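**Q** What follows is the file upload.tsv, containing TSV, C-alpha atoms:
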chain	number	residue	atom	x	y	z
A	1	MET	CA	131.13	134.61	53.35
A	2	LEU	CA	127.53	134.57	54.47
A	3	ASN	CA	128.49	135.58	58.00
A	4	GLU	CA	130.32	138.59	56.58
A	5	ALA	CA	127.67	139.52	54.05
A	6	VAL	CA	124.60	139.50	56.29
A	7	GLY	CA	126.18	142.08	58.53
A	8	ARG	CA	126.44	144.79	55.93
A	9	ASP	CA	125.08	143.77	52.52
A	10	THR	CA	121.82	142.80	50.87
A	11	VAL	CA	121.50	139.01	50.72
A	12	VAL	CA	119.18	137.12	48.40
A	13	ALA	CA	118.21	133.62	49.47
A	14	PHE	CA	117.60	130.83	46.98
A	15	ILE	CA	115.93	128.56	49.52
A	16	GLY	CA	112.53	128.13	47.95
A	17	LYS	CA	111.79	131.08	45.69
A	18	PRO	CA	114.58	133.68	45.46
A	19	HIS	CA	113.90	136.47	47.95
A	20	ARG	CA	115.67	139.18	49.89
A	21	ILE	CA	116.71	138.49	53.48
A	22	ASP	CA	115.47	141.20	55.82
A	23	ASP	CA	116.41	139.74	59.21
A	24	ARG	CA	120.18	140.10	58.80
A	25	GLY	CA	120.29	136.49	57.70
A	26	SER	CA	119.53	134.83	61.03
A	27	GLN	CA	116.81	132.56	59.68
A	28	LEU	CA	118.80	131.69	56.59
A	29	LEU	CA	121.91	130.83	58.60
A	30	LYS	CA	119.86	128.64	60.90
A	31	ALA	CA	118.12	127.01	57.97
A	32	LEU	CA	121.38	126.12	56.25
A	33	ARG	CA	122.95	124.76	59.45
A	34	GLU	CA	120.11	122.88	61.10
A	35	ILE	CA	117.38	121.95	58.65
A	36	GLY	CA	117.84	119.22	56.08
A	37	PHE	CA	116.82	119.58	52.46
A	38	GLU	CA	114.17	116.88	52.87
A	39	HIS	CA	112.36	119.12	55.36
A	40	TYR	CA	112.06	121.87	52.76
A	41	LEU	CA	110.82	119.35	50.25
A	42	GLN	CA	108.15	118.08	52.63
A	43	ALA	CA	107.12	121.64	53.48
A	44	GLU	CA	106.61	122.38	49.80
A	45	GLU	CA	104.79	119.11	49.18
A	46	THR	CA	102.37	119.29	52.15
A	47	GLY	CA	102.11	123.00	52.92
A	48	TRP	CA	101.86	122.38	56.65
A	49	VAL	CA	103.80	120.88	59.56
A	50	LEU	CA	102.66	118.96	62.62
A	51	TYR	CA	104.88	119.22	65.72
A	52	LEU	CA	104.57	116.47	68.34
A	53	GLU	CA	106.57	115.03	71.21
A	54	GLY	CA	107.28	111.73	69.50
A	55	SER	CA	106.02	109.08	67.10
A	56	THR	CA	103.74	107.44	69.68
A	57	ASP	CA	101.72	110.67	69.78
A	58	LEU	CA	101.10	110.44	66.04
A	59	ALA	CA	100.01	106.81	66.33
A	60	ILE	CA	97.55	107.66	69.11
A	61	LEU	CA	96.15	110.68	67.24
A	62	ARG	CA	95.62	108.50	64.19
A	63	ALA	CA	93.81	105.91	66.30
A	64	PHE	CA	91.59	108.56	67.89
A	65	ALA	CA	90.77	110.10	64.51
A	66	GLU	CA	89.90	106.65	63.16
A	67	LYS	CA	87.70	105.86	66.14
A	68	LEU	CA	85.83	109.17	65.89
A	69	ASP	CA	85.72	109.08	62.07
A	70	HIS	CA	87.14	112.59	62.31
A	71	PRO	CA	88.15	114.67	59.25
A	72	ALA	CA	91.69	114.83	60.67
A	73	ARG	CA	92.02	111.15	59.80
A	74	THR	CA	92.95	112.02	56.21
A	75	ALA	CA	95.41	114.74	57.27
A	76	LEU	CA	97.14	112.32	59.64
A	77	GLU	CA	97.66	109.57	57.07
A	78	ARG	CA	100.91	111.01	55.69
A	79	PRO	CA	101.64	114.32	57.43
A	80	PHE	CA	104.90	116.22	57.52
A	81	VAL	CA	105.54	115.66	61.22
A	82	HIS	CA	108.54	116.85	63.18
A	83	TYR	CA	109.21	115.61	66.71
A	84	VAL	CA	110.38	118.22	69.22
A	85	ALA	CA	110.28	116.39	72.58
A	86	ASN	CA	107.86	118.91	74.13
A	87	GLN	CA	110.15	121.86	73.49
A	88	PRO	CA	108.19	124.76	71.96
A	89	SER	CA	111.39	126.66	71.19
A	90	GLN	CA	112.51	123.82	68.90
A	91	ALA	CA	109.20	123.89	67.09
A	92	ARG	CA	109.41	127.64	66.54
A	93	GLN	CA	113.01	127.53	65.35
A	94	HIS	CA	112.28	124.74	62.90
A	95	PHE	CA	109.07	126.35	61.66
A	96	TYR	CA	110.52	129.79	61.02
A	97	GLY	CA	113.53	128.24	59.35
A	98	LEU	CA	111.18	126.50	56.92
A	99	ARG	CA	109.19	129.66	56.36
A	100	GLU	CA	112.33	131.21	54.95
A	101	ALA	CA	111.62	128.98	51.94
A	102	LYS	CA	107.83	128.76	52.08
A	103	GLN	CA	106.31	131.88	53.55
A	104	ASP	CA	102.73	130.59	53.52
A	105	LEU	CA	103.64	127.47	55.49
A	106	ALA	CA	101.04	126.53	58.11
A	107	ALA	CA	101.76	124.60	61.30
A	108	VAL	CA	100.21	123.18	64.44
A	109	ALA	CA	102.08	122.02	67.54
A	110	LEU	CA	100.69	119.79	70.27
A	111	TYR	CA	102.63	119.25	73.49
A	112	ASP	CA	102.18	117.35	76.73
A	113	ARG	CA	101.08	119.55	79.62
A	114	LEU	CA	103.86	122.05	80.27
A	115	GLU	CA	104.54	124.30	83.23
A	116	ALA	CA	105.35	127.24	80.96
A	117	THR	CA	102.76	129.33	79.13
A	118	LEU	CA	102.82	128.98	75.37
A	119	GLN	CA	103.66	132.06	73.35
A	120	ASP	CA	100.95	133.49	71.13
A	121	ASP	CA	101.92	133.02	67.52
A	122	PRO	CA	99.64	133.93	64.59
A	123	ASN	CA	101.48	131.54	62.28
A	124	LEU	CA	102.06	128.52	64.52
A	125	ALA	CA	98.99	127.13	66.29
A	126	GLN	CA	100.19	125.74	69.63
A	127	SER	CA	98.33	123.92	72.38
A	128	MET	CA	98.96	121.41	75.13
A	129	TRP	CA	97.00	118.56	76.62
A	130	GLN	CA	95.10	119.41	79.80
A	131	ARG	CA	96.09	116.05	81.24
A	132	ARG	CA	99.72	115.17	81.86
A	133	GLU	CA	100.34	113.49	78.50
A	134	ILE	CA	98.46	111.94	75.61
A	135	GLU	CA	98.62	108.44	77.15
A	136	ASN	CA	96.37	109.69	79.98
A	137	TYR	CA	93.51	109.67	77.49
A	138	LEU	CA	93.92	105.91	77.09
A	139	CYS	CA	93.66	105.20	80.81
A	140	GLN	CA	90.24	103.93	81.82
A	141	ARG	CA	89.54	100.72	83.69
A	142	VAL	CA	86.93	99.67	81.12
A	143	THR	CA	89.45	100.23	78.30
A	144	LEU	CA	92.16	98.11	79.89
A	145	LEU	CA	89.77	95.30	80.76
A	146	ALA	CA	88.33	95.24	77.24
A	147	PHE	CA	91.86	95.18	75.81
A	148	ALA	CA	92.86	92.23	78.00
A	149	GLU	CA	89.73	90.29	77.16
A	150	ALA	CA	90.20	90.84	73.42
A	151	ARG	CA	93.87	89.81	73.53
A	152	GLY	CA	93.05	86.70	75.52
A	153	ASN	CA	90.46	85.75	72.96
A	154	GLU	CA	92.91	86.34	70.10
A	155	GLN	CA	95.66	84.27	71.71
A	156	HIS	CA	93.77	81.33	73.14
A	157	GLY	CA	90.07	81.58	72.26
A	158	HIS	CA	87.04	82.83	74.15
A	159	LEU	CA	87.52	80.37	77.00
A	160	PHE	CA	90.67	82.25	78.04
A	161	ALA	CA	89.27	85.75	77.58
A	162	ALA	CA	87.79	85.82	81.08
A	163	SER	CA	91.07	84.74	82.71
A	164	TRP	CA	93.00	87.48	80.87
A	165	ARG	CA	90.42	90.02	81.96
A	166	LYS	CA	90.75	88.81	85.55
A	167	ALA	CA	94.55	89.07	85.37
A	168	MET	CA	94.23	92.67	84.20
A	169	GLU	CA	91.75	93.47	86.94
A	170	LYS	CA	94.10	92.15	89.62
A	171	SER	CA	97.05	93.98	88.07
A	172	ILE	CA	95.16	97.28	88.04
A	173	ASP	CA	94.24	96.88	91.69
A	174	GLU	CA	97.83	96.00	92.62
A	175	ILE	CA	99.41	98.96	90.82
A	176	THR	CA	96.71	101.29	92.14
A	177	ALA	CA	97.51	100.20	95.69
A	178	ALA	CA	101.24	100.68	95.05
A	179	LEU	CA	100.67	104.22	93.76
A	180	SER	CA	98.61	105.04	96.82
A	181	ALA	CA	101.29	103.68	99.14
A	182	LEU	CA	103.83	105.94	97.42
A	183	GLY	CA	101.59	108.97	97.82
A	184	LYS	CA	101.06	109.31	94.07
A	185	PRO	CA	97.79	110.15	92.28
A	186	ASP	CA	95.49	107.31	91.28
A	187	PRO	CA	95.86	105.84	87.77
A	188	TRP	CA	92.98	107.87	86.33
A	189	SER	CA	94.25	111.21	87.58
A	190	PRO	CA	95.12	113.89	84.99
A	191	ASP	CA	98.25	114.61	87.05
A	192	LEU	CA	99.86	111.17	86.83
A	193	LYS	CA	102.37	110.56	84.02
A	194	ALA	CA	100.34	107.65	82.74
A	195	SER	CA	102.90	105.95	80.52
A	196	ASP	CA	105.80	105.77	82.97
A	197	GLU	CA	104.01	105.64	86.29
A	198	PHE	CA	101.03	103.44	85.50
A	199	LEU	CA	100.93	101.71	82.12
A	200	ASP	CA	104.55	100.52	82.16
A	201	PRO	CA	104.33	98.77	85.57
A	202	LEU	CA	100.78	97.63	84.86
A	203	PHE	CA	101.67	95.68	81.72
A	204	ARG	CA	104.80	94.26	83.33
A	205	LYS	CA	102.65	92.91	86.14
A	206	PHE	CA	99.88	91.78	83.80
A	207	TYR	CA	102.09	89.65	81.58
A	208	GLU	CA	104.06	88.41	84.56
A	209	ARG	CA	100.78	87.21	86.05
A	210	LEU	CA	100.00	85.40	82.80
A	211	GLY	CA	103.48	83.86	82.72
A	212	LEU	CA	104.26	85.53	79.39
A	213	PRO	CA	106.91	88.01	78.19
A	214	ASN	CA	105.75	91.61	78.23
A	215	LEU	CA	104.26	92.24	74.80
A	216	MET	CA	103.18	95.82	75.49
A	217	ARG	CA	105.60	98.74	75.38
A	218	LYS	CA	105.04	102.47	75.13
A	219	THR	CA	105.27	102.30	71.36
A	220	ASP	CA	102.27	99.91	71.45
A	221	TYR	CA	99.97	101.94	73.70
A	222	HIS	CA	98.14	103.37	70.70
A	223	THR	CA	96.56	99.91	70.31
A	224	LEU	CA	94.48	100.71	73.40
A	225	ALA	CA	92.63	103.50	71.55
A	226	PRO	CA	90.04	101.28	69.82
A	227	PHE	CA	88.97	100.01	73.25
A	228	VAL	CA	88.23	103.45	74.69
A	229	PRO	CA	84.43	103.77	74.85
A	230	ALA	CA	83.13	106.71	72.84
A	231	ASP	CA	81.52	108.23	75.93
A	232	GLU	CA	84.84	107.97	77.80
A	233	LEU	CA	86.87	109.74	75.11
A	234	ALA	CA	87.48	113.27	76.36
A	235	THR	CA	85.87	116.06	74.34
A	236	GLU	CA	89.31	117.68	74.40
A	237	VAL	CA	90.52	114.98	71.99
A	238	ARG	CA	88.04	116.09	69.36
A	239	GLY	CA	89.14	119.68	69.87
A	240	LYS	CA	92.77	118.81	69.21
A	241	LEU	CA	91.80	116.88	66.08
A	242	ASP	CA	89.70	119.87	64.95
A	243	ALA	CA	92.78	122.10	65.25
A	244	ILE	CA	94.90	119.69	63.17
A	245	ALA	CA	92.23	119.41	60.49
A	246	ALA	CA	91.83	123.20	60.33
A	247	VAL	CA	95.55	123.81	59.79
A	248	ALA	CA	95.79	121.06	57.17
A	249	ALA	CA	92.76	122.51	55.36
A	250	ARG	CA	94.35	125.93	54.92
A	251	ALA	CA	97.69	124.57	53.70
A	252	HIS	CA	98.97	125.43	50.24
A	253	PRO	CA	100.90	122.38	49.02
A	254	ARG	CA	102.90	122.43	45.83
A	255	ARG	CA	100.86	121.27	42.89
A	256	GLY	CA	101.97	118.60	40.51
A	257	ASP	CA	102.58	121.13	37.75
A	258	GLY	CA	105.27	122.84	39.90
Could you write out this file's structure as structure tokens?
**A**
Amino acid sequence: MLNEAVGRDTVVAFIGKPHRIDDRGSQLLKALREIGFEHYLQAEETGWVLYLEGSTDLAILRAFAEKLDHPARTALERPFVHYVANQPSQARQHFYGLREAKQDLAAVALYDRLEATLQDDPNLAQSMWQRREIENYLCQRVTLLAFAEARGNEQHGHLFAASWRKAMEKSIDEITAALSALGKPDPWSPDLKASDEFLDPLFRKFYERLGLPNLMRKTDYHTLAPFVPADELATEVRGKLDAIAAVAARAHPRRGDG
């Protein structure tokens, strides 16, 4: 019935507040097919949406905000976040479907570095990392060595901290040499896909050298953030957190009185 009606009649949508459909129903149709009710509820409750590649990005952003004591820390505690696997078109489709119900909805999208240019959108703030992906901002030798030393101390006491640090140092050198032999960028390059090409093999080698099962997966890389020295944390990180905080600040969430 809706398919027939939107082609020739006036349609009133009851998604959110009742309102007339002026786009021949395309957003409404998409909303009914693809977007769950809980998304509309979260949009009403928060007033803004955060679009990211995946849940590890949120964990890292939270850790960065905590480390910098940034205002975005509060916004990132319980955001309405939707994961779009670095596909801006998915973010736009989802966002404009939600705006069919909440026309003052605000949103910010943050992607890994993409080859394509992002479309200008006055309603959806979009940006990408200058480095290959968010995990690149966790990759510093000093960070990895400090992490290893701290974990060694936690597991076996301060007498083992130095041996864990040494194991990490050797593992870094080994993976760095392997990357060079393959003609790939060095581990600290903004062009290397840090998670897959460096951190994954690094931690496999590190725990293998210690004779332990690998306790560090991609979902755990956010635990490196507290070990990034403040002077090593890229200024770009603060800029991205500023953008998130700004969008959250102008949101109009539903009040408790309805």
**Q** Looking at all atoms listed in the file, which of A:Trp129, A:Phe198, A:Phe147, A:Tyr221 is the one that sits closest to Ala59 of chain A?
**A**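 Among the listed residues, A:Tyr221 lies closest to Ala59 of chain A.
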**Q** Just how far from atom CA of Leu192 of chain A is atom CA of Ile175 of chain A, in Å to one decimal?
**A** 12.9 Å
**Q** Separation of atom CA of Gln130 of chain A and atom CA of Lys193 of chain A, in Å?
**A**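 About the pair atom CA of Gln130 of chain A and atom CA of Lys193 of chain A: they are 12.2 Å apart.
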**Q** Which distance in Å separates atom CA of Arg78 of chain A and atom CA of Leu138 of chain A, to one decimal?
**A**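 Spanning atom CA of Arg78 of chain A to atom CA of Leu138 of chain A is a straight-line distance of 23.1 Å.
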**Q** Can you work out which one of A:Pro122, A:Pro253, A:Pro213, A:Gly36 has the shortest atom-to-atom distance to Pro79 of chain A, counting all atoms listed in the file?
**A**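 Nearest to Pro79 of chain A: A:Pro253.
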**Q** So, counting all atoms listed in the file, which residue among A:Leu105, A:Leu212, A:Leu110, A:Met168 is closest to Ala146 of chain A?
**A**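 Closest to Ala146 of chain A of all the choices is A:Met168.
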**Q** Give me, as a list in words, all polymer residues having an atom no more than 9 Å from His252 of chain A, counting all atoms listed in the file and skipping those fewer than 6 positions away in the same chain.
**A** Glu44, Glu45, Thr46, Gly47, Trp48, Asp104, Leu105 and Ala106 of chain A
**Q** Check the smallest atom-to-atom distance from each of A:Leu199, A:Phe227, A:Tyr40, A:Glu115 to Glu149 of chain A using only C-alpha atoms, then report the winner.
**A**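 Checking each of A:Leu199, A:Phe227, A:Tyr40, A:Glu115 against Glu149 of chain A, counting only C-alpha atoms, the winner is A:Phe227.
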**Q** For Leu233 of chain A, please output as a compact mmCIF listing (two decimals) with C-alpha atoms, in the frame of the given file all residues within 10 Å (counting only C-alpha atoms; exclusion window: fewer than 6 positions along the same chain).
**A**
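For reference, around.txt as written:
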# COMPACT_ATOMS: atom_id res chain seq x y z
CA PHE A 64 91.59 108.56 67.89
CA LYS A 67 87.70 105.86 66.14
CA LEU A 68 85.83 109.17 65.89
CA TYR A 137 93.51 109.67 77.49
CA LEU A 138 93.92 105.91 77.09
CA CYS A 139 93.66 105.20 80.81
CA GLN A 140 90.24 103.93 81.82
CA ALA A 225 92.63 103.50 71.55
**Q** Ile172 of chain A: which residues within 10 Å, counting only C-alpha atoms, same-chain residues fewer than 3 positions away excluded, as a list in words?
**A** Arg141, Leu144, Leu145, Lys166, Ala167, Met168, Glu169, Ile175, Thr176, Ala177, Ala178, Pro187, Phe198, Leu199, Pro201, Leu202, Phe203, Lys205 and Phe206 of chain A
